[in-house]
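Scroll down for the structure; my scribbles are underneath it.
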Amino acid sequence: FFFIFFLQVEQVKLLDRFSTSNKSLTGTLYLTATHLLFIDSSQRETWILHHHIAAVEKLPLTTTGCPLVIQCKNFRIVHFVVPRERDCHDIYNSLLQLSRTAQYDELYAFSYNPKQNTSEQVKGWQLIDLEEEYKRMGVPNAHWQLSDANRDYKICETYPKELYVPRTASKPIIVGSSKFRSKGRFPVLSYYHKDKEAAICRCSQPLSGFSARCLEDEHMLQAISKANPSNRFMYVMDTRPKLNAMANRAAGKGYENEDNYSNIRFQFVGIENIHVMRSSLQKLLEVSGTKGLSVNDFLSGLESSGWLRHIKAVLDAAVFLAKAIAVESASVLVHCSDGWDRTSQVCSLGALLLDSYYRTIKGFMVLIEKDWIAFGHKFSDRCCQLDGDPKEISPVFTQFLESVWNLTEQFPQAFEYNEAFLLQIHEHVHSCQFGNFLGNCQKEREELKFKEKTYSLWPFLLDEQKKYQNPLYKPDISPELTLLEPNTVSFNFKFWRNMYHQFDRSLHPRQSVLDLIMNMSEQNKQLEKDIKELEAKIKRRSGQLDGVLLKEPLQSAPPAPVSLKSSPCFKKEQPLMPGTDSLRTIEGSSSADNRYSEFMEELAKAEPAVVSLEYGVARMTC
Amino acid sequence: MEFAELIKTPRVDNVVLHRPFYPAVEGTLCLTGHHLILSSRRQDDAEELWLLHSNIDSIEKRFVGSLGTIIIKCKDLRIIQLDIPGMEECLNIASSIEALSTLDSVTLMYPFFYRPMFEVLEDGWRTFLPEQEFELLSSLTDEWRLSCINKEFSVCPSYPAVVIVPKSIDDEALRKVAVFRHGNRFPVLSYYHKKNGMVMMRSSQPLTGTNGRRCKEDEKLINATLRAGKRGYIIDTRSLSVAQQARAKGGGFEQEAHYPQWRRIHKSIERFNILQESLIKLVEACNDQSHNMDRWLSKLEASNWLTHIKEILTAACLAAQCVDREGASVLVHGTEGTDSTLQVTSLAQIILDPRCRTIRGFESLVVREWLQAGHPFQQRCAQSAYSNSKQKWEAPVFLLFLDCVWQILRQFPCSFEFNEHFLIMLFEHAYASQFGTFLGNNESERSKLKLQQKTMSLWSWVNRPQELNKYKNPLFEANSLVIWPSVAPQSLQLWEGVFLRWNRSSKFLDEAYEEMVTLIEYNKQLKAKVNALRRQLAELETDDRMQENP
C-alpha cells in the first residue's frame, strides 16, 4: 500500500547553500506520495523524489523559524526554514516515513506509469540482450560455451542463469570450484577479446584459509588458461589491498597460492573496501559543502578524503587489466572478496578500455547490465533502496561513473555519450523509478517479477539520446579493437564538480561549451536537410521556368534577410535563428549569483567591523 | 662586446636532443649570439629546434664518461636535454649558454638584432596611444583631461608621458600630489564605466608616515571624482597590518579623518618573492609525475598558487562590484602601485568592459594597464620557475594576471574573442621574445632604449590576419554584459595549458578542439548556403509571379 500524504506549508524559506548572508527564496512546500515540491514566489519549481533523500535533519530553532536540511543521494542539499516548528516537525516526520521504504513494491517504480502498453514494456526490457552481447564478443566458440549449471540459481544465487565457461570445465569442476569460492561465485567469463583470444573472468575470493586447496578450482583456472591459445599464462588480480586479503585468511577465506595453481601470476592492486569508500565520500562531501571554503582547505580536504586516490586506484587496476589483455594477450581472472563491488568496477572499466563498443550509448547500457546488474552488484544495499543496514551503503557504482568521466575528459572524442548521460544514470540508480537497478541480484528480480511490474530505464534514455550525445564523438572505425591508454598520473584526476555540485549553479561555468556544440551539431543536421529541400524546390522551379532564368540569382536577390523557420527538434527556449545566432544564452551576468552583492548589502548597512566576502577567506577590516 | 668571445665551440655534431613527447633527434648543435639551434640535417624531414638564449632559465650539466649531458630548463617551463659527445665541447657549450642567457645589457638582447621576415601592416608601436584612449573618453565625458606634466618623465619616472586626470586639477596640484605618493605615482584614471560614469583610479600608497602627513591636493584630486553626496571606495591591496607597518617607512594609507567621503577596504594580495616561491613550488609539483595522489594534492596546496589566484580575483571582483553595483568610484593601490594594483584594475576591467574581452581591447589593456602603467617587466620576468637567482624583484605577477584571465575565460568560454593560446603566447613573450614590447621596466626606460626605432613591436606581428587566426576563439559572441566569475575553490582550476603543457600529451584535447572548430565552421557555411538558397528561391518565386501577372 501507499502512504498518501498531502502536506502543504506556506511561507517556507529555501536558503542558498553557500550563502553567508542567509539569502533565501520564499515559497510553498508540498509533499506528495512520491515527491517533495517547493514552488517559490516566482513560480519556479524544485522537485525532490523521496527516494533521493539520503538524510533529513532538523536544526535548532532560530528566530526566523525551524531549519530543515535535506541531503539527497544525487548530492543536492536543500536547506529550508519553516516558520512554525510544528509544521517543520510534521514535514520532518513525513519525510522520514516517505523516504524510507521497507518493501520493494512500495518503491516509485511500482507506481510510475509512463503510459506504455504491455508489449512496449516487454520490448523495453528486451532492448538489452546479453546473449547477443556474448555473441558480439565471439562466444560461444571453440573454447568457451554457455553453461546451464546455474539454471535454477542452484550453484550461485547471486549470479545470472546464463554463464559462459571454458569448454573443458565440466560440471563437477564448476560445482567443486563454486564450493571453494565465497558465496559460490566461481570463475566465469565477463569479457572475451576476439583479437587476442584472451578473456576477462571474474569470481570471488577462494576459501583457502591458510592452506586449503581445491583441485576443482585449480582445474577451473587451468581450463581458463587453456582456453587462451595465445598465452598460457594468466593473471589473477586480487583487487584488494594485500593486508585485507591476508586478514581474510583467518576467516577461512583468502587468495590463491601461486604454488597450487599452474601458470598463474598473482597480483594485488589495492582498491579499498566499501566501508573506506563510504567514509571517503562522506569526507569529500563535508569539505565541498563547507561555506566560505578556502582553496587550501579544499585541497587538503580533497587529499584527506582520499577520494581521488581511490578513483585513481580503480582506474590503475583497469589499465593493468586492459594491458595484460591487449599487450600480453593474457587472460585475467579478477576478484575481490565477494566479487560484486571492486570486481565489477575493474572488469567493466577494463572492458571499456579494450572495446570501443562500450563507449557507445547502447554499449554502455550493455556493459552496466552485464557487469553490474546481471553479475549481482548489490544495488539495493549499496544505494539503500530499502531501509537496511547503513554499513552496506557504498558509492561503488558512483566511482565507476566517475572513472568513466575521467576517461571522457582525457579522450573527448572517444565516447558517444557525454557527461549528462553519466549524471542521468547516476540519478536513476537512486531514483527507484525504473526496475533495472532494483534489488541485489537477478534471482531476486525474477522472484519479485520486476520485469512485469516496472519499466526499463534504457529505452527512455535511448528516446532522448540527443541529450546524451557527444557532439565531438569520432566513432572507432578500425576493424581491430582499439585500446584506450589513459594517463593515470595524479594530476589528471580532477574533482567532478558537475556530479558533486550538480545543483549548485553558481559554481559552474556560465556558458557551456558542450551545450553550445551539441545544439550546433543538431542544427547542422537540420540545415543539411533544409539545403536538400531548398535545392529540390529550386530545381523544380527552374524546371518550370525552363531556362527562363539565366541571370545569376544571388546578385539580383532582394537584400532583405531571410530567417529560418525554427526546426522541430529545438524547444522554444532554444530557437534556431542563424541570423542572430541565439543558440547560446548569455548568462552569469548577475552578480547576485556570485554573491558579491551580499557583500555590498553588508556594506550598505551600518558599518560592521569585519565583513567577509562570499567565498572570500580574506576578511576585510575597515 | 662580440658574442663570438662567448662562443668557444660554435658547432658540435652528433648531439642528441630529448624533449617532451617527441622521439630523440640526433643532429648538429650550433650556437649563435641569440639562439641555440639543433638541426637533424636529414634530407627527408629535417627537424630543427631554435631556442632563444633569453628563454633559458637554468642549465645543469652531467657527465657519464666523456658523454656530457646538458639539461636546459626554459622560462616557458619546458625542459630539454642535450647529449653532447666530448667533455670539452660540452663544457664549452654549457658555459656559452650560461653567459649568453644572462646578458646584463638590454641592448644586447635579441630584439635589437631581430630583422622581421614579415611585412608590417600596422606598426604596433603606434597602435595603442594614450591620446586615442583619451579621445574615446572625451566622447563620453568632459570631466577629464590629458596632462603632459610627465612629458620628460620628470614628475614620475614610472608613468607614461601623458596621463588622464580630473579636469579640475591643474598640473601644479599634480606636482604636489606626486610628492605625496610613493614613487610619485599620483592617482590617475584607469577605467571609466560608461554605464554609470563611475571611475576606477590607481596610484601608489600615500606617504603619510607615522605622524599622519596629509596633502590637501591629494584629497582634492580624488574627491574630484565623486558625485555630490556619494562615497567612494579605496581598495588597498595590502592587509591592514601591512599598511600600518608601511607608515614606519614613510608610507601609509588614507586616514578616515582626511578622506571622510572614502571607505577603505583592505584586500591582501601577496607580492614579490612569495609569489616567485609559489610558482617554483607549483612547477616542481607539476613536473614530478611520480607523485601519488596525496602527495600531488598536498604539493598543489603547499604551492598556494590557486590561493593567490583566488585572492586576486576576489579583489578584482570587489573593485568591479563597487563600480558597477554600488555606483561608486574606486581608487586602487598597494605600496608601489605597479603590481597587485595593476592586477586588480586590469581584471576588474575584463569583468566590466566587453571591449577588454576582444583581442584588440585586451592588447590595449595590456599596453595601458601594464606596459604604460609601469609594471617593471624586465625585473619581474627576468627569471622563471627554474632559476636559483631568487632576486627580490622577480615575481610572476603578470603570469598570475594571465592565469586569472584564463579562469574567467573558462567560466565564460563564449565571451572572449581570444583563446587560451593567446594568453600563453603573451606569457612566453613577456619572458623571452624577439620583440621589444616587454623590454624595459617603464615607458621612460623604453624611450631611452629607443625601442620604437630599434625593435619590432609584438603587436605588429600578432595583429596580422594569418597570425591572429590562431588566437581567435571560435565560440566568441560579443557579450555586452558584466561577467561575474565564481571564485569558489571548486570553480578554480590549475591552468594545464601552461603548467602541464610539457608533462602530458594534449593530442586528444587538441584534436577535439580542432573538431569543434570544424563543426563551427561547417555551421557557418551551412547557414550561408541556406540563406543563399532561400534568396534564390525567393527570386524564382518573384520571377514566377511576374510571369503570371505581367
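Simple scheme: letters A, B, ... for chains in C-alpha cells order, numbers from 1 for residues in each chain, numbers from 1 for ligands in the order shown.
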
So that I can check the surroundings of A:Leu423, please list as a VMD selection string every protein, DNA and RNA residue that reaches within 10 Å of it, counting only C-alpha atoms and ignoring chain neighbours fewer than 4 positions away. chain A and resid 74 398 401 to 402 405 418 to 419 427 to 429 468 498 to 499 502

Go ahead and save the residues from that selection, with all heavy atoms, as a compact mmCIF listing (two decimals), in the first residue's frame.
# COMPACT_ATOMS: atom_id res chain seq x y z
N ASN A 74 21.70 12.32 -4.91
CA ASN A 74 22.32 12.92 -6.10
C ASN A 74 23.12 14.16 -5.71
O ASN A 74 23.41 15.00 -6.55
CB ASN A 74 21.28 13.22 -7.17
CG ASN A 74 20.17 14.10 -6.65
OD1 ASN A 74 20.24 14.62 -5.52
ND2 ASN A 74 19.13 14.27 -7.43
N THR A 398 29.05 4.85 -8.20
CA THR A 398 29.39 6.26 -8.45
C THR A 398 30.87 6.37 -8.85
O THR A 398 31.21 7.13 -9.76
CB THR A 398 29.14 7.10 -7.17
OG1 THR A 398 27.80 6.85 -6.75
CG2 THR A 398 29.33 8.58 -7.43
N LEU A 401 31.23 5.43 -12.43
CA LEU A 401 30.84 6.52 -13.33
C LEU A 401 31.91 7.62 -13.34
O LEU A 401 32.22 8.19 -14.39
CB LEU A 401 29.49 7.10 -12.91
CG LEU A 401 28.28 6.19 -13.09
CD1 LEU A 401 27.02 6.87 -12.56
CD2 LEU A 401 28.08 5.80 -14.55
N GLU A 402 32.47 7.88 -12.17
CA GLU A 402 33.48 8.95 -12.11
C GLU A 402 34.73 8.55 -12.88
O GLU A 402 35.37 9.38 -13.52
CB GLU A 402 33.82 9.28 -10.65
CG GLU A 402 34.79 10.45 -10.55
CD GLU A 402 34.83 11.11 -9.17
OE1 GLU A 402 33.84 11.00 -8.42
OE2 GLU A 402 35.86 11.72 -8.85
N TRP A 405 33.96 9.15 -16.37
CA TRP A 405 34.01 10.61 -16.65
C TRP A 405 35.45 11.07 -16.83
O TRP A 405 35.75 11.83 -17.75
CB TRP A 405 33.35 11.37 -15.49
CG TRP A 405 33.52 12.85 -15.63
CD1 TRP A 405 32.86 13.66 -16.50
CD2 TRP A 405 34.45 13.68 -14.91
NE1 TRP A 405 33.32 14.95 -16.36
CE2 TRP A 405 34.28 15.00 -15.40
CE3 TRP A 405 35.39 13.44 -13.91
CZ2 TRP A 405 35.04 16.07 -14.91
CZ3 TRP A 405 36.13 14.52 -13.43
CH2 TRP A 405 35.94 15.81 -13.93
N ASN A 418 27.89 11.74 -23.43
CA ASN A 418 28.50 12.87 -22.75
C ASN A 418 28.29 12.76 -21.24
O ASN A 418 27.74 11.78 -20.74
CB ASN A 418 27.93 14.19 -23.30
CG ASN A 418 26.43 14.27 -23.11
OD1 ASN A 418 25.87 13.65 -22.20
ND2 ASN A 418 25.77 15.03 -23.96
N GLU A 419 28.70 13.79 -20.55
CA GLU A 419 28.61 13.80 -19.10
C GLU A 419 27.16 13.71 -18.61
O GLU A 419 26.88 13.06 -17.60
CB GLU A 419 29.25 15.10 -18.60
CG GLU A 419 29.43 15.18 -17.12
CD GLU A 419 30.05 16.51 -16.70
OE1 GLU A 419 29.91 17.51 -17.44
OE2 GLU A 419 30.68 16.55 -15.64
N GLU A 427 21.50 9.45 -11.47
CA GLU A 427 20.22 9.91 -10.95
C GLU A 427 19.26 8.71 -10.79
O GLU A 427 18.61 8.55 -9.77
CB GLU A 427 19.65 10.93 -11.94
CG GLU A 427 18.37 11.59 -11.56
CD GLU A 427 18.59 12.81 -10.67
OE1 GLU A 427 19.75 13.14 -10.40
OE2 GLU A 427 17.58 13.39 -10.25
N HIS A 428 19.22 7.88 -11.82
CA HIS A 428 18.21 6.81 -11.81
C HIS A 428 18.64 5.57 -11.05
O HIS A 428 17.80 4.75 -10.69
CB HIS A 428 17.80 6.48 -13.24
CG HIS A 428 16.86 7.51 -13.79
ND1 HIS A 428 15.64 7.75 -13.22
CD2 HIS A 428 16.99 8.38 -14.82
CE1 HIS A 428 15.03 8.73 -13.88
NE2 HIS A 428 15.83 9.13 -14.85
N VAL A 429 19.92 5.44 -10.81
CA VAL A 429 20.35 4.34 -9.95
C VAL A 429 19.74 4.55 -8.57
O VAL A 429 19.41 3.59 -7.87
CB VAL A 429 21.91 4.32 -9.88
CG1 VAL A 429 22.38 3.48 -8.72
CG2 VAL A 429 22.47 3.77 -11.17
N TYR A 468 22.16 13.15 -24.78
CA TYR A 468 23.32 12.45 -24.21
C TYR A 468 24.44 12.24 -25.20
O TYR A 468 25.41 11.56 -24.92
CB TYR A 468 22.86 11.11 -23.63
CG TYR A 468 21.71 11.25 -22.68
CD1 TYR A 468 20.53 10.54 -22.86
CD2 TYR A 468 21.79 12.13 -21.60
CE1 TYR A 468 19.46 10.69 -21.99
CE2 TYR A 468 20.73 12.29 -20.73
CZ TYR A 468 19.57 11.57 -20.93
OH TYR A 468 18.52 11.74 -20.07
N ASN A 498 30.60 18.74 -11.61
CA ASN A 498 29.24 18.59 -12.12
C ASN A 498 28.47 17.45 -11.47
O ASN A 498 27.25 17.39 -11.57
CB ASN A 498 29.26 18.40 -13.64
CG ASN A 498 29.59 19.70 -14.36
OD1 ASN A 498 29.64 20.76 -13.73
ND2 ASN A 498 29.80 19.62 -15.66
N MET A 499 29.17 16.54 -10.81
CA MET A 499 28.48 15.50 -10.05
C MET A 499 28.18 16.00 -8.64
O MET A 499 27.04 15.99 -8.21
CB MET A 499 29.35 14.23 -10.00
CG MET A 499 28.84 13.13 -9.06
SD MET A 499 27.25 12.44 -9.57
CE MET A 499 27.80 11.01 -10.50
N GLN A 502 26.15 19.40 -8.77
CA GLN A 502 25.26 19.48 -9.91
C GLN A 502 24.18 20.56 -9.72
O GLN A 502 23.78 21.24 -10.66
CB GLN A 502 24.59 18.12 -10.12
CG GLN A 502 24.02 17.95 -11.49
CD GLN A 502 23.23 16.67 -11.63
OE1 GLN A 502 22.33 16.61 -12.43
NE2 GLN A 502 23.53 15.63 -10.86

For a quick test of understanding: name the residues of chain B lying within 7 Å of chain A when counting only C-alpha atoms, and present them as an MDAnalysis selection string. chainID B and resid 240 264:267 289 291:294 296:298 301 306:307 314 410:414 481:484 486:491 508:509 512 515:516 523 526:527 530:537 539:540

Which of these residues is nearest to B:Gly497, using only C-alpha atoms: B:Tyr522, B:Trp370, B:Trp461, B:Phe427?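 Looking only at the distances to B:Gly497, the closest residue turns out to be B:Phe427.
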
Stretch 108-122 of chain A: which residues within 9 Å, counting only C-alpha atoms, same-chain residues fewer than 3 positions away excluded, as a ChimeraX atom specification? /A:34,49-51,104-105,125-127,431-435,438,450-456

Mind listing the strand (DSSP E or B) residues of stretch 302-518 of chain A, per DSSP on the backbone, as number ranges by chain? A: 331-335, 417, 469

Nearest-residue call for A:Asn273, choices A:Tyr255, A:Phe210, A:Tyr235, A:Trp340, using only C-alpha atoms: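 Smallest distance to A:Asn273 is found for A:Trp340.
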
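Around A:Gly209, within 10 Å and counting only C-alpha atoms, the residues found are Pro206, Leu207, Ser211, Ala212, Arg213, Met246, Ala247, Asn248, Arg249, Ala250, Ala251, Gly252, Lys253, Gly254, Tyr255 and Glu256 of chain A, once anything fewer than 2 positions away on its own chain is removed.
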
Can you write just those residues out, all heavy atoms, as a CSV table (one decimal), in the first residue's frame?
chain,number,residue,atom,x,y,z
A,206,PRO,N,38.9,-17.2,-3.0
A,206,PRO,CA,38.9,-18.6,-2.7
A,206,PRO,C,38.8,-18.8,-1.2
A,206,PRO,O,39.2,-18.0,-0.4
A,206,PRO,CB,40.2,-19.1,-3.2
A,206,PRO,CG,41.1,-17.9,-3.1
A,206,PRO,CD,40.2,-16.7,-3.4
A,207,LEU,N,38.2,-19.9,-0.7
A,207,LEU,CA,38.1,-20.2,0.7
A,207,LEU,C,39.3,-21.0,1.1
A,207,LEU,O,39.3,-22.1,1.6
A,207,LEU,CB,36.8,-21.0,1.0
A,207,LEU,CG,35.5,-20.4,0.5
A,207,LEU,CD1,34.3,-21.3,0.7
A,207,LEU,CD2,35.3,-19.0,1.2
A,211,SER,N,45.8,-22.8,4.2
A,211,SER,CA,46.5,-23.8,3.4
A,211,SER,C,45.5,-24.7,2.6
A,211,SER,O,45.9,-25.5,1.8
A,211,SER,CB,47.2,-24.8,4.3
A,211,SER,OG,46.3,-25.3,5.3
A,212,ALA,N,44.2,-24.4,2.7
A,212,ALA,CA,43.2,-25.3,2.0
A,212,ALA,C,43.4,-25.2,0.5
A,212,ALA,O,43.8,-24.2,-0.1
A,212,ALA,CB,41.8,-24.9,2.4
A,213,ARG,N,43.2,-26.3,-0.2
A,213,ARG,CA,43.3,-26.4,-1.6
A,213,ARG,C,42.0,-27.0,-2.2
A,213,ARG,O,41.2,-27.6,-1.5
A,213,ARG,CB,44.4,-27.3,-2.1
A,213,ARG,CG,45.8,-26.7,-1.8
A,213,ARG,CD,46.9,-27.6,-2.3
A,213,ARG,NE,46.8,-27.8,-3.7
A,213,ARG,CZ,47.9,-28.3,-4.4
A,213,ARG,NH1,48.9,-28.7,-3.8
A,213,ARG,NH2,47.8,-28.5,-5.7
A,246,MET,N,45.1,-10.8,3.3
A,246,MET,CA,45.7,-11.7,4.3
A,246,MET,C,44.8,-11.9,5.5
A,246,MET,O,44.7,-13.0,6.1
A,246,MET,CB,47.1,-11.2,4.7
A,246,MET,CG,48.1,-11.4,3.6
A,246,MET,SD,49.6,-10.5,3.8
A,246,MET,CE,50.3,-11.3,5.2
A,247,ALA,N,44.2,-10.8,5.9
A,247,ALA,CA,43.3,-10.9,7.1
A,247,ALA,C,42.2,-11.8,6.9
A,247,ALA,O,41.7,-12.5,7.8
A,247,ALA,CB,42.8,-9.5,7.4
A,248,ASN,N,41.7,-11.9,5.6
A,248,ASN,CA,40.6,-12.8,5.3
A,248,ASN,C,41.0,-14.3,5.5
A,248,ASN,O,40.1,-15.1,5.6
A,248,ASN,CB,40.2,-12.6,3.8
A,248,ASN,CG,39.0,-11.7,3.8
A,248,ASN,OD1,38.0,-12.0,4.3
A,248,ASN,ND2,39.2,-10.5,3.1
A,249,ARG,N,42.3,-14.6,5.4
A,249,ARG,CA,42.7,-16.0,5.6
A,249,ARG,C,42.3,-16.5,6.9
A,249,ARG,O,41.9,-17.7,7.0
A,249,ARG,CB,44.2,-16.1,5.4
A,249,ARG,CG,44.6,-15.9,3.9
A,249,ARG,CD,46.0,-16.4,3.7
A,249,ARG,NE,47.0,-15.8,4.5
A,249,ARG,CZ,48.3,-15.9,4.4
A,249,ARG,NH1,48.7,-16.7,3.4
A,249,ARG,NH2,49.1,-15.3,5.2
A,250,ALA,N,42.3,-15.7,7.9
A,250,ALA,CA,42.0,-16.1,9.3
A,250,ALA,C,40.5,-16.6,9.3
A,250,ALA,O,40.1,-17.4,10.1
A,250,ALA,CB,42.2,-15.0,10.2
A,251,ALA,N,39.7,-16.0,8.4
A,251,ALA,CA,38.3,-16.4,8.4
A,251,ALA,C,38.0,-17.5,7.4
A,251,ALA,O,36.9,-17.7,6.9
A,251,ALA,CB,37.5,-15.1,8.0
A,252,GLY,N,39.1,-18.2,7.0
A,252,GLY,CA,38.9,-19.3,6.1
A,252,GLY,C,38.8,-18.8,4.6
A,252,GLY,O,38.4,-19.6,3.8
A,253,LYS,N,39.0,-17.6,4.4
A,253,LYS,CA,39.0,-17.1,3.0
A,253,LYS,C,40.4,-16.8,2.6
A,253,LYS,O,41.3,-17.3,3.2
A,253,LYS,CB,38.0,-15.9,2.9
A,253,LYS,CG,36.6,-16.2,3.3
A,253,LYS,CD,35.8,-15.0,3.6
A,253,LYS,CE,34.4,-15.4,4.2
A,253,LYS,NZ,33.7,-14.2,4.6
A,254,GLY,N,40.6,-15.9,1.6
A,254,GLY,CA,41.9,-15.5,1.3
A,254,GLY,C,42.2,-15.3,-0.2
A,254,GLY,O,41.3,-14.8,-0.9
A,255,TYR,N,43.3,-15.8,-0.6
A,255,TYR,CA,43.7,-15.6,-2.0
A,255,TYR,C,44.5,-16.8,-2.5
A,255,TYR,O,44.9,-17.7,-1.8
A,255,TYR,CB,44.5,-14.3,-2.2
A,255,TYR,CG,45.7,-14.2,-1.3
A,255,TYR,CD1,47.0,-14.6,-1.7
A,255,TYR,CD2,45.6,-13.7,0.0
A,255,TYR,CE1,48.1,-14.5,-0.9
A,255,TYR,CE2,46.7,-13.6,0.8
A,255,TYR,CZ,48.0,-14.0,0.4
A,255,TYR,OH,49.1,-13.9,1.2
A,256,GLU,N,44.7,-16.9,-3.8
A,256,GLU,CA,45.3,-18.0,-4.5
A,256,GLU,C,46.8,-18.1,-4.1
A,256,GLU,O,47.5,-17.1,-4.2
A,256,GLU,CB,45.1,-18.0,-6.0
A,256,GLU,CG,43.7,-18.1,-6.5
A,256,GLU,CD,42.9,-16.9,-6.4
A,256,GLU,OE1,43.4,-15.8,-5.9
A,256,GLU,OE2,41.7,-16.9,-6.8
